[in-house]
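> Quick one: this structure, given as C-alpha cells, is what I'll be asking you about.
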Amino acid sequence: MNSSWSRFNVTSIVLGFAFLYLPIVLLVVFSFNESKLVTVWGGFSTKWYGSLFQNKGLMDAAWVTARVALISATVATVLGTLAALTLTRYTRFRGRVLFSGMVFAPLVMPEVITGLSLLLLFVAVGLDRGFLTVTLAHITLTMCFVAVVVQSRLLTFDRSLEEAAMDLGAPPVKTFFQITFPVILPAIISGWMLAFTLSLDDLVIASFTSGPGATTLPMKIYSQVRLGVTPEINAACTILIAVVAIGVIAASVVNKQREVQRLRDEQAAQRG
Amino acid sequence: MSDTAIVASGSSPYESSSALVRAASAVKNRLVIIVPYLWLLVFFLVPFIIVFKISLSQSAISMPPYTPALDLSGGIGGFWTLIKQLSFDNYVWLTQDALYFNAYVSSLTIAAISTVLTLIVGYPIAYGMARAPATLRPTLLMLVILPFWTSFLIRVYAWIGILKPEGLLNQLLQGLGLINEPLIILNTHTAIFIGIVYSYLPFMILPLYSALEKMDYSLIEAAQDLGCRPIGAFWKVTFPLSIPGVVAGCLLVFIPVVGEFVIPDLLGGSQTLMIGRTLWNEFFNNRDWPVASAVAIILLMVLVVPIMFFQHVQARSQEQGR
Amino acid sequence: MKSLGSIRRSFTPWNDPAAKPYIAFENVTKRFGDFTAVNNLSLTVFEREFFALLGASGCGKSTLLRMLAGFDEPTAGRILLDGQDLRGIPPYRRPVNMMFQSYALFPHMTVEANIAFGLKQEGMPKAEIGTRVAEMLRLVKLEQFAKRKPHQLSGGQRQRVALARSVAKRPKVLLLDEPLGALDKKLREETQFELMDLQQSLGLTFIVVTHDQEEAMTMADRIAILDKGEVMQVATPAEVYEAPSSRFVAGFVGNVNMFEGTVASRDDSGARIASSNGLTIMTKNAGAASAGSPVVFAIRPEKIKVSSRKPANDDVNVAEGEIYDIAYLGDMTVYHVKLADGHVVKTSSLNASRISDDPLSWNDRAWISFSPDAGVVLAK
C-alpha cells in the first residue's frame, strides 16, 4: 500500500490541506494583531480578546446561538434518529418515497429557499419570529443531517444482534434500548455534533426566521463584516477554533489509544 | 436449575402473547414513522405550498407585506375570493425584467464552473487520502472535516483579507517581485470561484474518498499486470469505479451553490448577479415578499431535477449498502 | 467418548411408532416475494435428538431455522413445538434459543454480560444469574475471560461465548446456524466433539444447519438433506451414505459412481442390471425396481476394487479399463479408471500396508470389481 502512495499523492494532500487551512491560520494569527487593520501586522497583542468579552452585543448573540444550537441539536437528534430508523427498517409503507425525499432534499436545498419558506409558514400561522422560530427552523434543517449520519451506521449494523437479543427474550423496545442504541450511539453523538455545528454556523436561515431579541452570532458577525470587521471577530473565532480543535484532538487521541489497545487485545487473543 | 424450572420458564410466556400486546407494539412501531414524518410535512412540505401561494399574491405595504393573507375563515365563499385574488403578475414581472433571467443563468453558470473546479481540486486530494497508509487515513479524514467546525462565514471572510488589492496575496506576490500592480481578484468571479471551491471542497472530497477507499487496489495492479500504463489504468479502472462518488460530490456542490448567498455577497462585489442574492435583496431590502416567493419557486423548479436525481443516487447507494 | 457412543446407539425414537415428535413442521411453505424458500415441507424432530439440516446455500435450511426461532413466519403450514402451534408467538417468547452464524455477540457487553443477557430478560434473581453464568463459563472453559469484551477474544473463544449464551437459558431446543463455519479446519473438528458432549450432558434438542456434510455426519443422530426448499431424505448418517434415496442425495453426500442401465431380471435376492456401457451388474440392493425398468446403479469409490489382474469370478460386476489418474492421499489412493466407452470410474483403496503388493501406474491395464452388496439401485 505504501508503495502506491506516490509523491504525487503526498503533494496533492499537502497542497489541499494548505488551501483548506491557510485562511484559518491567518485568522488566528491576526487575532493577536495590535493593529485594527485586519491585514497589516502591527505587533503582538491580546487586547481584542479583552474587548471581545466586553462587547455585550456579541456576547448576547453568542449566548442566544449556544442555546438555539443546544436545543435544536438535541431535538433534531431524536427526530433524525427516528427518521433514520424509518428509512432503514421500514422499507415498505405508504408515502415512503415522499418521506425519503423530505429527508434528503434539505441536505442540498439552497438555504435561501428553506429560510424563506419557513418564515412564510411562521407568518401564516401567526407565530412571532424569535428564539422559538429559529430553533424550529434549525431542527428541521439539522434533523436531516442527523438522519443521514445515523442511517449510514444503521446500514452496516448487524441485524443478527437484535435477533439474538429477541431470541434471548428481549421484546423489541427493550432490544432497541439495550442493544441497538448503545451500538449506534457513536453515530448518534456525531449526528448531534454535526447538528450543533450546523446550527451554530447558520446565517441564512436564521436571518429569515429570527426576530428581534434573537440575533444569532453569525447574524451579528455578518452585519459587522459588511461594516468592516474589528479583530474582535477574529478573537471570537480563534476561541471557537481552539475549543473545537482541543475537543476533536482529545477525542481522536482517546480513540487512537482505544484502537491501539484493541489491536493489542486482539493480537493477544489470537495468541492465547 | 432443575428440569421442571426450565419447562415453567419456557411455557409461561406463551399465554401472555395477546392481541392487545401486538396492537400496542404496532402503534409503537408506527410512532417511529409518524413523528419525523409529520415534522417534515409541517416544516418542510407545507411551507413550500405557502411560498407558492404567496408568489401568486399582490405586494402590499402592511405586515405581512402581501395580500391576501392566508385566511380560510371565510369558508367556501372566502376560498373563491381568495382564488380570484391570485395572480401571475409576479411571474410576468420576472420574465419582463432581464435582471432575473440573467441572475438565473449566471447562477447556473457559476455553479457549473465551480463544481468542475471543485472536482478537479478535490479528486487528487481524495485519491491521495484513499491511497494513504491505513493508519493515517482516519487522521486525514478528520482534517478534511475539521474546517466544518469553524464558522463558514468567518472562513469566507478570511478570504477578503487574502484577496483584496492591499491583501496578503498581493503583498506576497509583490514582495516576491512577481507582479508590480496588485491583482484585482476581490469582487470578481475569480473570487467567487475561489470562495466556492474553498467552502465546498469537503463536500466533494468525502463522497469521492468513500468511493475510492472501498476500491480494491489489486484491480489497478491487475490492469497494470495486463499491460495497462498507470495513466491508462486510472482512466480505465479507477475513475469509472469512482463515478458514484463523483456524481454524489458534484450534486452536493452544484445544487446548494446555485442558491448560494454568502459567498457572492462577501466576495463577489455589487455587480455579481446570483439568484440567492437577488432573492435576499427582494426580501430584506425591497420587502417584496411575493416577488421573493416567485423567485424561490422558479429556483426550486430549476433545481427540482438535480434534487430528485440526488435523492435517487442517495436511495440507490442505500440499497447497495444493505 | 465410549460411553457416549453406546448411549447414541440405543437412541432411535424415529423407529418407534409410539414416540411423539417434539418439533413438527407440517406442510410448511415460505415465500419471499416470487421466491419460494421452503416448499410444502414436513419434518419431525424428537426430543434430545441432534438433528442436522444439510444442504447447499439457498436450499431453505436457514429459513427453516429462522421460522422455528420466530424471525420469519411460514406463508402456509404450521410449526409445532411440543404439541403447541408456534404461529404468532414472537421470538422473545419462544422457548428456543439460537446460536448465530455471525455469533452476534453484543460488542458493548463483556463475556459475562453477554451470557447473562437472556437470564436477565426472564427476570432471574441476581444471585442465581451469577451462579448460572459461572457454570456456563466453566462449561465452555472461559472462566478467566469473563470480563473481556468480544473483540478481545479469538474466533474459537467467541464461538464458545455464543454457545454459552445460547444455552444459558436452558432452552427446550437449541438452534445452531453454521455453528462452526467461521472456524479453521482443525478447530472445527475438535469443536464438533465438544458440541456433541454438550448436547449429551445438557440433554437438549439440537438442530444444526450446515452445508458441510462431514460435520453433519459426525455430529447428528439424523440428517435431513434439503434441496430447493424440499426434503430429499431424512435418515441416520449411515443410511444417508449407504442407502441414499435418490441420485441427488447420493451425489450430494460423498463421492459416488453412477451407472445408468435397465433391469434385466429381478428376483427376491436382487437384480441383474445391464448398464448402458456394457457392464453386467448383480446387486442385492435393488429396492422396488422391476424387470425392464430403467434404473441408476450407484456405488461408492471405496467399495470398488482395482487390480492389475482379472478377478477370478466370472464376468459379473467386473470391467476392464485403463488407469487414467492416480492421486496418492497418504491414508488412501484414489484411482480414476477409464472404461472402454470412455466412462471414468472413481475408486479409492486404503493404503493398509506401506508398500503396495500390486503397484498400478498411469496407463496400466486394470480391472475394477465389486461385490453384489456394494452398491444400491436408485429409481431414475
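Residues are named by chain letter and number: chains run A, B, ... in the order of the C-alpha cells, numbers start at 1 in each chain, and ligands are numbered from 1 in the order shown.
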Identify all chain C residues at most 9 Å from chain B by counting only C-alpha atoms; ligands do not count. Present them as a ChimeraX atom specification.
/C:88-90,92-96,122,132,169-172
> Show me, as a Markdown table, the residues of chain C having an atom within 10 Å of chain A, each with the closest atom pair and its distance in Å, using only C-alpha atoms.

```
| residue | atom | partner | partner_atom | distance |
| --- | --- | --- | --- | --- |
| C:Arg66 | CA | A:Glu163 | CA | 9.8 |
| C:Ala69 | CA | A:Asp167 | CA | 7.0 |
| C:Gly70 | CA | A:Asp167 | CA | 8.2 |
| C:Phe71 | CA | A:Glu163 | CA | 7.4 |
| C:Pro90 | CA | A:Met166 | CA | 8.4 |
| C:Pro91 | CA | A:Asp167 | CA | 5.3 |
| C:Tyr92 | CA | A:Gly169 | CA | 3.9 |
| C:Arg93 | CA | A:Gly169 | CA | 6.1 |
| C:Arg94 | CA | A:Asp167 | CA | 7.6 |
| C:Pro95 | CA | A:Asp167 | CA | 8.8 |
| C:Val96 | CA | A:Asp167 | CA | 7.5 |
| C:Asn97 | CA | A:Asp167 | CA | 5.8 |
| C:Met98 | CA | A:Asp167 | CA | 6.7 |
| C:Met99 | CA | A:Ala164 | CA | 8.0 |
| C:Phe100 | CA | A:Ser160 | CA | 7.3 |
| C:Gln101 | CA | A:Ser160 | CA | 9.0 |
| C:Ser102 | CA | A:Ser160 | CA | 7.6 |
| C:Tyr103 | CA | A:Ser160 | CA | 8.3 |
| C:Ala104 | CA | A:Leu161 | CA | 4.8 |
| C:Leu105 | CA | A:Leu161 | CA | 6.8 |
| C:Phe106 | CA | A:Leu161 | CA | 6.4 |
| C:Pro107 | CA | A:Val183 | CA | 7.4 |
| C:His108 | CA | A:Val183 | CA | 6.8 |
| C:Met109 | CA | A:Ile179 | CA | 9.3 |
| C:Asn114 | CA | A:Ala165 | CA | 9.6 |
| C:Ile115 | CA | A:Leu168 | CA | 9.8 |
| C:Ala116 | CA | A:Leu168 | CA | 9.8 |
| C:Phe117 | CA | A:Leu168 | CA | 7.1 |
| C:Gly118 | CA | A:Leu168 | CA | 4.5 |
| C:Leu119 | CA | A:Leu168 | CA | 7.9 |
| C:Lys120 | CA | A:Gly169 | CA | 8.8 |
| C:Gln121 | CA | A:Gly169 | CA | 5.5 |
| C:Glu122 | CA | A:Gly169 | CA | 6.8 |
| C:Arg148 | CA | A:Asp265 | CA | 9.5 |
| C:Lys149 | CA | A:Asp265 | CA | 9.6 |
| C:Pro150 | CA | A:Glu266 | CA | 9.5 |
| C:His151 | CA | A:Glu266 | CA | 6.4 |
| C:Gln152 | CA | A:Asp265 | CA | 5.0 |
| C:Leu153 | CA | A:Ala269 | CA | 4.9 |
| C:Ser154 | CA | A:Ala269 | CA | 4.9 |
| C:Gly155 | CA | A:Gln270 | CA | 7.8 |
| C:Gly156 | CA | A:Gln270 | CA | 9.2 |
| C:Gln157 | CA | A:Ala269 | CA | 8.6 |
| C:Ala162 | CA | A:Ala164 | CA | 9.8 |
| C:Arg165 | CA | A:Leu168 | CA | 8.6 |
| C:Ser166 | CA | A:Leu168 | CA | 7.5 |
| C:Val167 | CA | A:Leu168 | CA | 9.9 |
| C:Ala168 | CA | A:Leu168 | CA | 9.4 |
| C:Lys169 | CA | A:Leu168 | CA | 7.9 |
| C:Pro171 | CA | A:Leu168 | CA | 9.5 |
```
> Using DSSP on the backbone coordinates, identify all residues within region 34-86 of chain A classified as helix (DSSP H, G or I); present the result as a ChimeraX atom specification.
/A:47-54,56-86
> Atoms to include: C-alpha atoms. Write the selected residues as a CSV table (one decimal), in the first residue's frame.

```
chain,number,residue,atom,x,y,z
A,47,LYS,CA,-6.3,43.2,23.6
A,48,TRP,CA,-9.0,42.0,21.2
A,49,TYR,CA,-9.7,39.1,23.5
A,50,GLY,CA,-10.3,41.6,26.3
A,51,SER,CA,-12.6,43.8,24.3
A,52,LEU,CA,-14.5,40.8,23.0
A,53,PHE,CA,-15.7,39.9,26.4
A,54,GLN,CA,-16.8,43.5,27.0
A,56,LYS,CA,-22.2,43.0,25.1
A,57,GLY,CA,-23.9,42.7,21.6
A,58,LEU,CA,-21.5,39.9,20.6
A,59,MET,CA,-21.7,38.1,23.9
A,60,ASP,CA,-25.6,38.2,23.9
A,61,ALA,CA,-25.6,36.9,20.4
A,62,ALA,CA,-23.2,34.1,21.3
A,63,TRP,CA,-25.5,33.1,24.2
A,64,VAL,CA,-28.6,33.0,22.0
A,65,THR,CA,-26.7,31.0,19.4
A,66,ALA,CA,-25.5,28.5,22.0
A,67,ARG,CA,-29.0,27.9,23.4
A,68,VAL,CA,-30.5,27.6,19.9
A,69,ALA,CA,-27.8,25.1,18.9
A,70,LEU,CA,-28.1,23.0,22.1
A,71,ILE,CA,-31.9,22.7,22.0
A,72,SER,CA,-32.2,22.3,18.2
A,73,ALA,CA,-29.3,19.7,18.0
A,74,THR,CA,-30.9,17.7,20.8
A,75,VAL,CA,-34.4,17.6,19.3
A,76,ALA,CA,-33.0,17.1,15.8
A,77,THR,CA,-31.0,14.1,17.1
A,78,VAL,CA,-34.1,12.4,18.4
A,79,LEU,CA,-36.1,13.2,15.2
A,80,GLY,CA,-33.3,12.4,12.9
A,81,THR,CA,-32.6,9.0,14.6
A,82,LEU,CA,-36.3,8.1,14.2
A,83,ALA,CA,-36.1,9.2,10.6
A,84,ALA,CA,-33.0,7.0,10.0
A,85,LEU,CA,-34.8,4.0,11.7
A,86,THR,CA,-37.8,4.6,9.4
```
> With only C-alpha atoms counted and 7 Å as the cut-off, give the residues of chain B in contact with chain A, each with its shortest interatomic distance in Å and the pair that gives it, as JSON lines.

```
{"residue": "B:Val32", "atom": "CA", "partner": "A:Leu82", "partner_atom": "CA", "distance": 5.4}
{"residue": "B:Ile33", "atom": "CA", "partner": "A:Thr86", "partner_atom": "CA", "distance": 5.5}
{"residue": "B:Pro36", "atom": "CA", "partner": "A:Leu79", "partner_atom": "CA", "distance": 5.5}
{"residue": "B:Tyr37", "atom": "CA", "partner": "A:Phe99", "partner_atom": "CA", "distance": 6.5}
{"residue": "B:Leu40", "atom": "CA", "partner": "A:Met102", "partner_atom": "CA", "distance": 6.5}
{"residue": "B:Phe43", "atom": "CA", "partner": "A:Thr140", "partner_atom": "CA", "distance": 6.5}
{"residue": "B:Pro47", "atom": "CA", "partner": "A:Ser117", "partner_atom": "CA", "distance": 4.9}
{"residue": "B:Phe48", "atom": "CA", "partner": "A:Ser117", "partner_atom": "CA", "distance": 5.8}
{"residue": "B:Ile50", "atom": "CA", "partner": "A:Leu121", "partner_atom": "CA", "distance": 6.6}
{"residue": "B:Val51", "atom": "CA", "partner": "A:Ser117", "partner_atom": "CA", "distance": 5.7}
{"residue": "B:Leu70", "atom": "CA", "partner": "A:Ala124", "partner_atom": "CA", "distance": 6.1}
{"residue": "B:Pro124", "atom": "CA", "partner": "A:Ser12", "partner_atom": "CA", "distance": 5.8}
{"residue": "B:Ile125", "atom": "CA", "partner": "A:Ile13", "partner_atom": "CA", "distance": 5.0}
{"residue": "B:Gly128", "atom": "CA", "partner": "A:Asn9", "partner_atom": "CA", "distance": 4.2}
{"residue": "B:Arg131", "atom": "CA", "partner": "A:Trp5", "partner_atom": "CA", "distance": 5.6}
{"residue": "B:Ala132", "atom": "CA", "partner": "A:Trp5", "partner_atom": "CA", "distance": 5.8}
{"residue": "B:Pro133", "atom": "CA", "partner": "A:Asn2", "partner_atom": "CA", "distance": 6.0}
{"residue": "B:Trp149", "atom": "CA", "partner": "A:Thr197", "partner_atom": "CA", "distance": 6.1}
{"residue": "B:Thr150", "atom": "CA", "partner": "A:Ile241", "partner_atom": "CA", "distance": 5.9}
{"residue": "B:Ser151", "atom": "CA", "partner": "A:Asp201", "partner_atom": "CA", "distance": 5.4}
{"residue": "B:Phe152", "atom": "CA", "partner": "A:Asp201", "partner_atom": "CA", "distance": 6.5}
{"residue": "B:Arg155", "atom": "CA", "partner": "A:Pro23", "partner_atom": "CA", "distance": 6.3}
{"residue": "B:Ala158", "atom": "CA", "partner": "A:Pro23", "partner_atom": "CA", "distance": 5.6}
{"residue": "B:Trp159", "atom": "CA", "partner": "A:Pro23", "partner_atom": "CA", "distance": 6.5}
{"residue": "B:Gly161", "atom": "CA", "partner": "A:Thr39", "partner_atom": "CA", "distance": 5.8}
{"residue": "B:Gly167", "atom": "CA", "partner": "A:Thr39", "partner_atom": "CA", "distance": 6.2}
{"residue": "B:Leu168", "atom": "CA", "partner": "A:Thr39", "partner_atom": "CA", "distance": 6.7}
{"residue": "B:Tyr198", "atom": "CA", "partner": "A:Leu20", "partner_atom": "CA", "distance": 6.6}
{"residue": "B:Leu252", "atom": "CA", "partner": "A:Val108", "partner_atom": "CA", "distance": 6.1}
{"residue": "B:Ile255", "atom": "CA", "partner": "A:Val108", "partner_atom": "CA", "distance": 5.9}
{"residue": "B:Pro256", "atom": "CA", "partner": "A:Pro110", "partner_atom": "CA", "distance": 4.6}
{"residue": "B:Gly259", "atom": "CA", "partner": "A:Pro110", "partner_atom": "CA", "distance": 4.8}
{"residue": "B:Glu260", "atom": "CA", "partner": "A:Pro110", "partner_atom": "CA", "distance": 6.5}
{"residue": "B:Gly276", "atom": "CA", "partner": "A:Val112", "partner_atom": "CA", "distance": 6.2}
{"residue": "B:Ala296", "atom": "CA", "partner": "A:Ile113", "partner_atom": "CA", "distance": 5.8}
{"residue": "B:Ile307", "atom": "CA", "partner": "A:Ala105", "partner_atom": "CA", "distance": 6.4}
{"residue": "B:Gln311", "atom": "CA", "partner": "A:Phe104", "partner_atom": "CA", "distance": 6.0}
{"residue": "B:Gly321", "atom": "CA", "partner": "A:Leu155", "partner_atom": "CA", "distance": 6.0}
{"residue": "B:Arg322", "atom": "CA", "partner": "A:Leu155", "partner_atom": "CA", "distance": 5.7}
```
> Now that the selection is made, can you save its residues with C-alpha atoms as a compact mmCIF listing (two decimals), in the first residue's frame?

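Contents of again-v8.txt, freshly written:
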```txt
# COMPACT_ATOMS: atom_id res chain seq x y z
CA VAL B 32 -41.17 5.79 14.75
CA ILE B 33 -42.52 6.70 11.33
CA PRO B 36 -40.47 12.53 11.90
CA TYR B 37 -42.92 12.22 9.02
CA LEU B 40 -41.12 17.16 7.89
CA PHE B 43 -41.92 22.23 8.45
CA PRO B 47 -44.03 25.84 3.72
CA PHE B 48 -43.45 25.27 0.02
CA ILE B 50 -47.37 28.60 1.27
CA VAL B 51 -44.45 30.01 -0.74
CA LEU B 70 -53.81 33.09 4.29
CA PRO B 124 -6.35 14.31 -6.28
CA ILE B 125 -6.81 15.01 -2.57
CA GLY B 128 -4.18 10.66 -2.16
CA ARG B 131 -4.05 5.58 -1.05
CA ALA B 132 -2.55 6.80 2.22
CA PRO B 133 -1.39 4.20 4.75
CA TRP B 149 -16.39 23.08 12.77
CA THR B 150 -15.23 26.64 12.29
CA SER B 151 -17.64 29.28 11.13
CA PHE B 152 -18.28 29.18 7.41
CA ARG B 155 -13.68 31.41 6.73
CA ALA B 158 -10.84 35.50 5.87
CA TRP B 159 -10.54 35.32 2.10
CA GLY B 161 -8.19 39.73 3.77
CA GLY B 167 -4.35 41.96 0.89
CA LEU B 168 -1.94 39.20 1.80
CA TYR B 198 -12.75 26.50 -0.73
CA LEU B 252 -23.65 18.10 -3.18
CA ILE B 255 -27.31 22.30 -6.02
CA PRO B 256 -26.60 24.47 -2.96
CA GLY B 259 -28.75 29.34 -4.46
CA GLU B 260 -25.63 30.45 -2.60
CA GLY B 276 -29.74 33.64 -3.98
CA ALA B 296 -37.84 30.95 -4.91
CA ILE B 307 -32.54 17.35 -6.40
CA GLN B 311 -32.33 11.64 -3.92
CA GLY B 321 -25.29 -0.63 1.49
CA ARG B 322 -27.87 -3.17 2.57
```
> Just checking: using only C-alpha atoms, which residue out of C:Trp367, C:Arg300, C:Pro125, C:Leu139 ends up closest to Ser201 (chain C)?
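Selected residue with least distance to Ser201 (chain C): C:Leu139.
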> Which neighbours of Ile299 (chain C) fall inside 8 Å, counting only C-alpha atoms, when residues of the same chain fewer than 2 positions from it are skipped, and could you give them as a PyMOL selection string?
chain C and resi 256-258+297+301+303-304+374-376
> Report, in Å to a single decimal, how far apart CA of Val253 (chain A) and CA of Met204 (chain B) are.
26.6 Å
> Just want the 12 Å neighbourhood of region 182-198 of chain C, counted on only C-alpha atoms, with same-chain residues fewer than 6 positions away dropped. Output as a ChimeraX atom specification.
/C:1-5,7-8,48-51,100-103,136,139-141,154-160,163-164,167,170,174,176,204-208,210,212,214-221
> Write out as a ChimeraX atom specification which residues come within 12 Å of Asn351 (chain C) when counting only C-alpha atoms, dropping same-chain ones fewer than 5 positions away.
/C:302,328-334,356-359
> Would you put the residues from that selection into a file with N, CA and C atoms, as a PDB file, in the first residue's frame?

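Result file again.pdb:
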```pdb
ATOM      1  N   GLU C 302     -14.896 -46.351  -2.554  1.00  0.00           N
ATOM      2  CA  GLU C 302     -14.109 -47.247  -1.700  1.00  0.00           C
ATOM      3  C   GLU C 302     -14.624 -48.684  -1.748  1.00  0.00           C
ATOM      4  N   TYR C 328      -2.348 -39.903  -4.754  1.00  0.00           N
ATOM      5  CA  TYR C 328      -1.919 -40.539  -3.516  1.00  0.00           C
ATOM      6  C   TYR C 328      -2.212 -39.600  -2.367  1.00  0.00           C
ATOM      7  N   LEU C 329      -3.093 -39.978  -1.454  1.00  0.00           N
ATOM      8  CA  LEU C 329      -3.521 -39.076  -0.384  1.00  0.00           C
ATOM      9  C   LEU C 329      -2.956 -39.459   0.968  1.00  0.00           C
ATOM     10  N   GLY C 330      -2.019 -40.403   1.009  1.00  0.00           N
ATOM     11  CA  GLY C 330      -1.472 -40.819   2.294  1.00  0.00           C
ATOM     12  C   GLY C 330      -2.220 -42.004   2.836  1.00  0.00           C
ATOM     13  N   ASP C 331      -3.401 -41.710   3.468  1.00  0.00           N
ATOM     14  CA  ASP C 331      -4.157 -42.823   4.039  1.00  0.00           C
ATOM     15  C   ASP C 331      -4.778 -43.704   2.956  1.00  0.00           C
ATOM     16  N   MET C 332      -5.013 -43.083   1.797  1.00  0.00           N
ATOM     17  CA  MET C 332      -5.559 -43.903   0.717  1.00  0.00           C
ATOM     18  C   MET C 332      -5.089 -43.363  -0.626  1.00  0.00           C
ATOM     19  N   THR C 333      -5.352 -44.180  -1.660  1.00  0.00           N
ATOM     20  CA  THR C 333      -5.004 -43.751  -3.009  1.00  0.00           C
ATOM     21  C   THR C 333      -6.262 -43.766  -3.858  1.00  0.00           C
ATOM     22  N   VAL C 334      -6.444 -42.696  -4.624  1.00  0.00           N
ATOM     23  CA  VAL C 334      -7.607 -42.606  -5.491  1.00  0.00           C
ATOM     24  C   VAL C 334      -7.165 -42.940  -6.912  1.00  0.00           C
ATOM     25  N   SER C 356       2.547 -51.206  -1.589  1.00  0.00           N
ATOM     26  CA  SER C 356       1.500 -51.999  -2.218  1.00  0.00           C
ATOM     27  C   SER C 356       2.103 -53.221  -2.914  1.00  0.00           C
ATOM     28  N   ASP C 357       1.421 -54.361  -2.792  1.00  0.00           N
ATOM     29  CA  ASP C 357       1.914 -55.565  -3.473  1.00  0.00           C
ATOM     30  C   ASP C 357       1.441 -55.608  -4.913  1.00  0.00           C
ATOM     31  N   ASP C 358       0.529 -54.708  -5.242  1.00  0.00           N
ATOM     32  CA  ASP C 358       0.026 -54.695  -6.606  1.00  0.00           C
ATOM     33  C   ASP C 358       0.161 -53.278  -7.159  1.00  0.00           C
ATOM     34  N   PRO C 359       1.387 -52.816  -7.446  1.00  0.00           N
ATOM     35  CA  PRO C 359       1.561 -51.427  -7.862  1.00  0.00           C
ATOM     36  C   PRO C 359       0.914 -51.161  -9.209  1.00  0.00           C
TER      37      PRO C 359
END
```
